[in-house]
>>> print(open('work.txt').read())   # compact mmCIF, C-alpha atoms
# COMPACT_ATOMS: atom_id res chain seq x y z
CA MET A 1 0.00 0.00 0.00
CA LYS A 2 2.81 2.42 0.88
CA ARG A 3 4.47 1.63 -2.44
CA ILE A 4 1.25 2.39 -4.35
CA LEU A 5 0.78 5.66 -2.46
CA PHE A 6 4.38 6.63 -3.20
CA ILE A 7 3.95 5.96 -6.93
CA CYS A 8 0.68 7.88 -7.04
CA SER A 9 2.26 10.83 -5.22
CA ALA A 10 5.20 10.82 -7.64
CA LEU A 11 2.85 10.83 -10.62
CA VAL A 12 0.89 13.73 -9.17
CA LEU A 13 4.09 15.72 -8.63
CA LEU A 14 5.32 14.88 -12.12
CA ASN A 15 2.07 15.98 -13.72
CA ALA A 16 2.04 19.15 -11.64
CA SER A 17 5.60 19.92 -12.71
CA ALA A 18 4.78 19.35 -16.39
CA PHE A 19 1.66 21.48 -16.10
CA GLY A 20 3.67 24.22 -14.41
CA GLN A 21 6.22 24.25 -17.22
CA LYS A 22 3.51 24.26 -19.87
CA THR A 23 1.66 27.18 -18.31
CA LYS A 24 4.72 29.15 -17.21
CA PRO A 25 4.05 32.77 -18.26
CA TRP A 26 6.53 34.26 -20.70
CA THR A 27 7.39 37.00 -18.19
CA GLU A 28 9.01 34.25 -16.06
CA TRP A 29 11.04 32.67 -18.86
CA ASN A 30 14.77 32.58 -18.26
CA GLU A 31 17.37 32.78 -21.02
CA LYS A 32 17.36 28.99 -21.45
CA ASP A 33 13.58 29.02 -21.96
CA VAL A 34 13.87 31.82 -24.50
CA LYS A 35 16.65 30.15 -26.49
CA LYS A 36 14.70 26.90 -26.55
CA MET A 37 11.69 28.74 -27.98
CA LEU A 38 13.84 30.45 -30.63
CA THR A 39 15.85 27.40 -31.72
CA ASP A 40 13.91 24.18 -31.17
CA SER A 41 10.24 24.37 -30.28
CA ALA A 42 6.78 23.81 -31.71
CA TRP A 43 7.15 27.13 -33.59
CA THR A 44 10.87 27.18 -34.42
CA GLN A 45 13.16 24.68 -36.07
CA SER A 46 16.79 24.78 -37.14
CA GLN A 47 18.54 23.54 -40.25
CA THR A 48 22.33 23.31 -40.32
CA GLU A 49 24.47 23.43 -43.44
CA TYR A 50 28.12 22.33 -43.38
CA ALA A 51 30.74 23.75 -45.67
CA GLU A 52 32.64 20.50 -46.07
CA THR A 53 32.26 16.77 -45.73
CA PRO A 54 33.55 15.69 -42.30
CA PRO A 55 36.97 14.02 -42.47
CA THR A 56 37.31 10.25 -42.25
CA GLY A 57 37.05 9.02 -38.69
CA SER A 58 34.98 11.95 -37.46
CA THR A 59 31.75 11.32 -35.63
CA ILE A 60 28.43 13.12 -35.70
CA THR A 61 26.08 12.92 -32.73
CA PRO A 62 23.12 15.17 -33.52
CA VAL A 63 20.43 16.29 -31.14
CA GLN A 64 17.30 14.27 -31.97
CA PRO A 65 15.55 16.13 -34.81
CA ARG A 66 11.92 17.23 -34.48
CA ASN A 67 11.16 15.65 -37.83
CA ALA A 68 12.80 13.48 -40.44
CA ALA A 69 12.65 15.89 -43.35
CA THR A 70 15.63 15.66 -45.67
CA THR A 71 17.41 18.74 -46.92
CA SER A 72 19.58 19.70 -49.85
CA GLY A 73 22.38 22.14 -50.43
CA ALA A 74 25.99 21.97 -49.30
CA GLN A 75 26.04 19.06 -46.84
CA ASN A 76 22.79 19.99 -45.02
CA THR A 77 21.96 18.31 -41.72
CA GLU A 78 18.95 18.91 -39.51
CA SER A 79 19.77 19.70 -35.91
CA GLY A 80 18.71 21.35 -32.74
CA GLU A 81 20.92 23.81 -30.88
CA THR A 82 24.18 21.90 -31.29
CA LEU A 83 25.84 18.99 -33.08
CA GLY A 84 28.58 16.93 -31.49
CA ARG A 85 30.82 17.01 -34.54
CA LYS A 86 34.48 16.19 -34.10
CA SER A 87 35.74 18.11 -37.11
CA THR A 88 36.59 21.60 -38.25
CA ALA A 89 33.65 21.87 -40.66
CA LEU A 90 32.19 25.36 -40.73
CA SER A 91 28.45 25.64 -40.21
CA THR A 92 25.59 27.90 -41.20
CA ILE A 93 22.48 27.55 -39.06
CA TYR A 94 19.10 28.68 -40.34
CA ARG A 95 16.46 29.35 -37.67
CA VAL A 96 12.97 29.08 -39.15
CA ALA A 97 10.41 30.64 -36.78
CA PHE A 98 6.75 31.63 -36.94
CA LEU A 99 7.03 35.29 -36.00
CA SER A 100 3.25 35.62 -36.23
CA ALA A 101 2.96 33.11 -33.36
CA LYS A 102 2.62 34.88 -30.02
CA PRO A 103 5.15 32.72 -28.08
CA VAL A 104 7.88 33.50 -30.62
CA ARG A 105 7.26 37.24 -30.33
CA ALA A 106 7.22 36.88 -26.54
CA ALA A 107 10.60 35.13 -26.68
CA PHE A 108 12.17 37.92 -28.74
CA ILE A 109 10.92 40.57 -26.31
CA ARG A 110 11.81 38.54 -23.23
CA LEU A 111 15.36 38.10 -24.56
CA ILE A 112 15.72 41.87 -24.86
CA GLU A 113 14.49 42.31 -21.30
CA LEU A 114 16.92 39.70 -19.95
CA GLN A 115 19.91 41.03 -21.85
CA HIS A 116 19.12 44.69 -21.15
CA PRO A 117 17.65 44.89 -17.64
CA GLU A 118 18.45 48.62 -17.57
CA THR A 119 15.78 49.33 -20.21
CA PRO A 120 13.37 52.03 -18.93
CA ALA A 121 9.93 50.80 -17.90
CA ALA A 122 8.22 52.96 -20.55
CA LYS A 123 10.36 51.38 -23.29
CA VAL A 124 9.64 47.89 -21.93
CA ALA A 125 5.91 48.61 -22.04
CA GLU A 126 6.25 49.81 -25.62
CA LEU A 127 8.16 46.70 -26.67
CA ARG A 128 5.59 44.43 -25.05
CA THR A 129 2.84 45.77 -27.28
CA PHE A 130 4.50 43.79 -30.10
CA ILE A 131 3.57 40.54 -28.35
CA ASP A 132 -0.16 41.21 -28.65
CA ARG A 133 0.05 42.57 -32.18
CA ASP A 134 -2.68 41.32 -34.51
CA PHE A 135 -1.20 39.90 -37.71
CA GLY A 136 -4.66 39.75 -39.24
CA GLU A 137 -4.81 37.55 -42.32
CA HIS A 138 -1.06 37.10 -42.59
CA VAL A 139 1.35 34.40 -41.47
CA VAL A 140 4.94 35.57 -41.02
CA VAL A 141 7.87 33.15 -41.03
CA ALA A 142 11.22 34.61 -39.98
CA VAL A 143 14.58 33.16 -41.00
CA LEU A 144 17.69 34.06 -38.97
CA LEU A 145 21.29 33.08 -39.64
CA GLU A 146 23.88 31.85 -37.13
CA GLY A 147 26.92 29.60 -37.16
CA THR A 148 30.68 29.65 -37.70
CA ASN A 149 30.82 30.00 -41.49
CA LYS A 150 30.92 33.79 -41.68
CA ALA A 151 31.75 33.84 -45.38
CA ARG A 152 28.71 31.71 -46.18
CA GLN A 153 26.49 33.85 -43.95
CA LYS A 154 27.68 36.97 -45.74
CA SER A 155 26.92 35.37 -49.10
CA VAL A 156 23.41 34.35 -48.01
CA MET A 157 22.77 37.79 -46.51
CA GLN A 158 23.63 39.31 -49.88
CA GLU A 159 21.08 37.00 -51.52
CA ILE A 160 18.26 37.77 -49.08
CA SER A 161 18.91 41.51 -48.89
CA ALA A 162 17.88 44.02 -51.53
CA ALA A 163 19.89 47.13 -52.35
CA ASP A 164 16.93 48.95 -53.87
CA ALA A 165 13.26 48.60 -54.81
CA GLU A 166 14.08 46.99 -58.17
CA ALA A 167 16.27 44.33 -56.55
CA LEU A 168 13.57 43.63 -53.96
CA THR A 169 10.97 43.16 -56.70
CA LEU A 170 13.22 40.69 -58.54
CA LEU A 171 13.90 38.78 -55.32
CA LEU A 172 10.21 38.65 -54.40
CA ASN A 173 9.25 37.35 -57.85
CA GLN A 174 11.85 34.61 -57.56
CA LEU A 175 10.75 33.65 -54.06
CA LYS A 176 7.10 33.42 -55.09
CA THR A 177 7.97 30.52 -57.41
CA THR A 178 9.86 28.51 -54.79
CA THR A 179 8.45 29.38 -51.37
CA TYR A 180 5.22 28.13 -49.81
CA LEU A 181 3.45 26.58 -46.83
CA GLU A 182 1.98 23.11 -47.35
CA ARG A 183 -0.55 21.12 -45.33
CA LYS A 184 -0.55 17.37 -44.88
CA ASP A 185 -3.28 17.06 -47.52
CA GLY A 186 -1.05 18.75 -50.09
CA LYS A 187 -2.87 22.10 -50.13
CA ARG A 188 -0.48 25.08 -50.36
CA VAL A 189 -0.40 28.82 -49.91
CA ALA A 190 2.30 30.63 -51.86
CA LEU A 191 4.45 33.48 -50.61
CA MET A 192 2.68 36.83 -51.00
CA ASP A 193 5.31 39.27 -49.71
CA TYR A 194 8.84 39.47 -48.37
CA ARG A 195 10.80 41.78 -46.06
CA PRO A 196 14.64 41.66 -46.02
CA PRO A 197 16.50 41.55 -42.69
CA SER A 198 16.48 44.82 -40.79
CA GLN A 199 17.96 46.16 -37.56
CA ASP A 200 15.15 44.63 -35.48
CA GLY A 201 17.20 41.43 -35.17
CA MET A 202 14.30 39.21 -36.23
CA GLY A 203 15.71 38.11 -39.55
CA ALA A 204 14.22 37.97 -43.03
CA LYS A 205 10.42 37.82 -43.05
CA PHE A 206 8.39 35.66 -45.43
CA ILE A 207 4.70 36.61 -45.51
CA PHE A 208 1.92 34.18 -46.45
CA PRO A 209 -1.88 34.43 -46.52
CA ARG A 210 -3.65 32.95 -43.48
CA MET A 211 -6.75 32.09 -45.50
CA LEU A 212 -7.30 29.63 -48.35
CA ASP A 213 -10.59 29.57 -50.29
CA GLY A 214 -12.18 31.77 -47.63
CA GLN A 215 -11.21 29.48 -44.73
CA PRO A 216 -8.26 29.49 -42.30
CA PHE A 217 -5.41 27.58 -43.90
CA LEU A 218 -4.82 25.65 -40.67
CA ASP A 219 -6.92 24.32 -37.83
CA ALA A 220 -6.19 22.04 -34.89
CA ASN A 221 -6.80 18.96 -37.08
CA SER A 222 -4.45 19.91 -39.94
CA GLY A 223 -1.84 17.42 -38.79
CA GLU A 224 1.38 18.75 -40.23
CA LEU A 225 2.63 21.97 -41.78
CA ARG A 226 5.62 22.12 -44.10
CA VAL A 227 7.61 25.29 -44.66
CA ASN A 228 9.50 25.27 -47.94
CA ILE A 229 11.80 28.21 -48.68
CA GLN A 230 14.29 28.31 -51.53
CA ILE A 231 16.59 31.28 -51.98
CA GLY A 232 18.67 31.20 -55.13
CA LYS A 233 20.20 27.86 -56.07
CA THR A 234 21.94 26.92 -52.83
CA VAL A 235 19.61 27.73 -49.91
CA LYS A 236 16.78 25.20 -49.61
CA LEU A 237 14.94 25.11 -46.30
CA ASN A 238 12.40 22.38 -45.66
CA ARG A 239 10.91 22.19 -42.15
CA ARG A 240 7.91 20.23 -40.89
CA PHE A 241 5.85 21.38 -37.90
CA LYS A 242 3.23 19.42 -35.96
CA VAL A 243 0.13 21.60 -35.85
CA ALA A 244 -1.26 19.91 -32.73
CA GLU A 245 1.80 21.13 -30.81
CA MET A 246 1.34 24.75 -31.90
CA MET A 247 -1.28 25.52 -29.24
CA TYR A 248 -0.58 28.39 -26.82
CA ASP A 249 -2.99 29.63 -24.14
CA GLY A 250 -5.67 27.43 -25.67
CA LYS A 251 -5.26 28.90 -29.16
CA LEU A 252 -3.59 27.70 -32.35
CA GLU A 253 -0.65 30.05 -32.90
CA TYR A 254 1.23 30.17 -36.18
>>> encode(input="work.txt", output="structure tokens")
Amino acid sequence: MKRILFICSALVLLNASAFGQKTKPWTEWNEKDVKKMLTDSAWTQSQTEYAETPPTGSTITPVQPRNAATTSGAQNTESGETLGRKSTALSTIYRVAFLSAKPVRAAFIRLIELQHPETPAAKVAELRTFIDRDFGEHVVVAVLLEGTNKARQKSVMQEISAADAEALTLLLNQLKTTTYLERKDGKRVALMDYRPPSQDGMGAKFIFPRMLDGQPFLDANSGELRVNIQIGKTVKLNRRFKVAEMMYDGKLEY
């Protein structure tokens, strides 16, 4: 009987702990929580590209991927925050995040608050209004670059930036033919607009319609959502998200 009571108590505590983590308000997130949200979560995934094939005898021990999607490009490998690679291969990490999802916006703002605790209260209040911003009928996917391959990052930044309005128009027209969101049933919405990286630190922004044939593109039963972004001939991002996991405060956020 004591053993049964002990097990039941442990299960209650475990469930309470899990519930506490799930419902932890963003204002209480620490830097680890924020980085998890912005690198490997229901709303953010990472894709890593290596500049060279690892030398013979090297080992790769990746963090378990959130999905099994394959990638292309220069030695692409899906990963989470890190890869245990015993080589000198340079990496470029692409963070693909749903900026129109409230928890992602909360993570960006919370990171600013943690890294700059001296920010005046009035400025903090102003920044926080971004979290509750209404994106209306648009879905915004942000792509940020990290990693050790600075030359590759510079090259990609040149591709995703636009020097003038004409260059931006050309880039947008190219992206519209290669970039889309796709449901499990094969239905797609194509890219409708694009914003190059700016000083806000939130990366390049790919804008899609939220509606398809007069109905929301996604609902809680959509199953899976694929983000396909191709920039030029060498950057091909292919991430799969589980829609059922994209619930936040009782609402589907994407």
>>> residues_near_point(input="work.txt", point="(7.8, 32.1, -28.9)", cutoff="12 Å", atoms="all atoms listed in the file", output="PDB file with C-alpha atoms, keeping the file's coordinate frame")
ATOM      1  CA  PRO A  25       4.050  32.770 -18.260  1.00  0.00           C
ATOM      2  CA  TRP A  26       6.530  34.260 -20.700  1.00  0.00           C
ATOM      3  CA  THR A  27       7.390  37.000 -18.190  1.00  0.00           C
ATOM      4  CA  TRP A  29      11.040  32.670 -18.860  1.00  0.00           C
ATOM      5  CA  ASP A  33      13.580  29.020 -21.960  1.00  0.00           C
ATOM      6  CA  VAL A  34      13.870  31.820 -24.500  1.00  0.00           C
ATOM      7  CA  LYS A  35      16.650  30.150 -26.490  1.00  0.00           C
ATOM      8  CA  LYS A  36      14.700  26.900 -26.550  1.00  0.00           C
ATOM      9  CA  MET A  37      11.690  28.740 -27.980  1.00  0.00           C
ATOM     10  CA  LEU A  38      13.840  30.450 -30.630  1.00  0.00           C
ATOM     11  CA  THR A  39      15.850  27.400 -31.720  1.00  0.00           C
ATOM     12  CA  ASP A  40      13.910  24.180 -31.170  1.00  0.00           C
ATOM     13  CA  SER A  41      10.240  24.370 -30.280  1.00  0.00           C
ATOM     14  CA  ALA A  42       6.780  23.810 -31.710  1.00  0.00           C
ATOM     15  CA  TRP A  43       7.150  27.130 -33.590  1.00  0.00           C
ATOM     16  CA  THR A  44      10.870  27.180 -34.420  1.00  0.00           C
ATOM     17  CA  GLN A  45      13.160  24.680 -36.070  1.00  0.00           C
ATOM     18  CA  VAL A  96      12.970  29.080 -39.150  1.00  0.00           C
ATOM     19  CA  ALA A  97      10.410  30.640 -36.780  1.00  0.00           C
ATOM     20  CA  PHE A  98       6.750  31.630 -36.940  1.00  0.00           C
ATOM     21  CA  LEU A  99       7.030  35.290 -36.000  1.00  0.00           C
ATOM     22  CA  SER A 100       3.250  35.620 -36.230  1.00  0.00           C
ATOM     23  CA  ALA A 101       2.960  33.110 -33.360  1.00  0.00           C
ATOM     24  CA  LYS A 102       2.620  34.880 -30.020  1.00  0.00           C
ATOM     25  CA  PRO A 103       5.150  32.720 -28.080  1.00  0.00           C
ATOM     26  CA  VAL A 104       7.880  33.500 -30.620  1.00  0.00           C
ATOM     27  CA  ARG A 105       7.260  37.240 -30.330  1.00  0.00           C
ATOM     28  CA  ALA A 106       7.220  36.880 -26.540  1.00  0.00           C
ATOM     29  CA  ALA A 107      10.600  35.130 -26.680  1.00  0.00           C
ATOM     30  CA  PHE A 108      12.170  37.920 -28.740  1.00  0.00           C
ATOM     31  CA  ILE A 109      10.920  40.570 -26.310  1.00  0.00           C
ATOM     32  CA  ARG A 110      11.810  38.540 -23.230  1.00  0.00           C
ATOM     33  CA  LEU A 111      15.360  38.100 -24.560  1.00  0.00           C
ATOM     34  CA  ILE A 131       3.570  40.540 -28.350  1.00  0.00           C
ATOM     35  CA  ALA A 142      11.220  34.610 -39.980  1.00  0.00           C
ATOM     36  CA  MET A 246       1.340  24.750 -31.900  1.00  0.00           C
ATOM     37  CA  MET A 247      -1.280  25.520 -29.240  1.00  0.00           C
ATOM     38  CA  TYR A 248      -0.580  28.390 -26.820  1.00  0.00           C
ATOM     39  CA  GLU A 253      -0.650  30.050 -32.900  1.00  0.00           C
ATOM     40  CA  TYR A 254       1.230  30.170 -36.180  1.00  0.00           C
TER      41      TYR A 254
END
>>> closest_residue(input="work.txt", among="A:Arg195, A:Arg95, A:Lys24, A:Arg240", to="Glu49 in chain A", atoms="all atoms listed in the file")
A:Arg95
>>> atom_distance(input="work.txt", atom1="CA of Glu113 in chain A", atom2="CA of Leu145 in chain A")
21.6 Å
>>> closest_residue(input="work.txt", among="A:Leu127, A:Val235, A:Leu225, A:Ala51", to="Leu175 in chain A", atoms="all atoms listed in the file")
A:Val235
>>> closest_residue(input="work.txt", among="A:Asp164, A:Thr169, A:Thr48, A:Phe208", to="Asn238 in chain A", atoms="all atoms listed in the file")
A:Thr48
>>> closest_residue(input="work.txt", among="A:Ala165, A:Leu172, A:Leu218, A:Ala89", to="Val139 in chain A", atoms="all atoms listed in the file")
A:Leu218
>>> closest_residue(input="work.txt", among="A:Glu159, A:Glu31, A:Glu126, A:Asp132", to="Ala204 in chain A", atoms="all atoms listed in the file")
A:Glu159
>>> atom_distance(input="work.txt", atom1="CA of Arg183 in chain A", atom2="CA of Glu245 in chain A")
14.7 Å
>>> atom_distance(input="work.txt", atom1="CA of Lys176 in chain A", atom2="CA of Leu191 in chain A")
5.2 Å
>>> closest_residue(input="work.txt", among="A:Ile207, A:Val156, A:Ile93, A:Val124", to="Glu137 in chain A", atoms="all atoms listed in the file")
A:Ile207
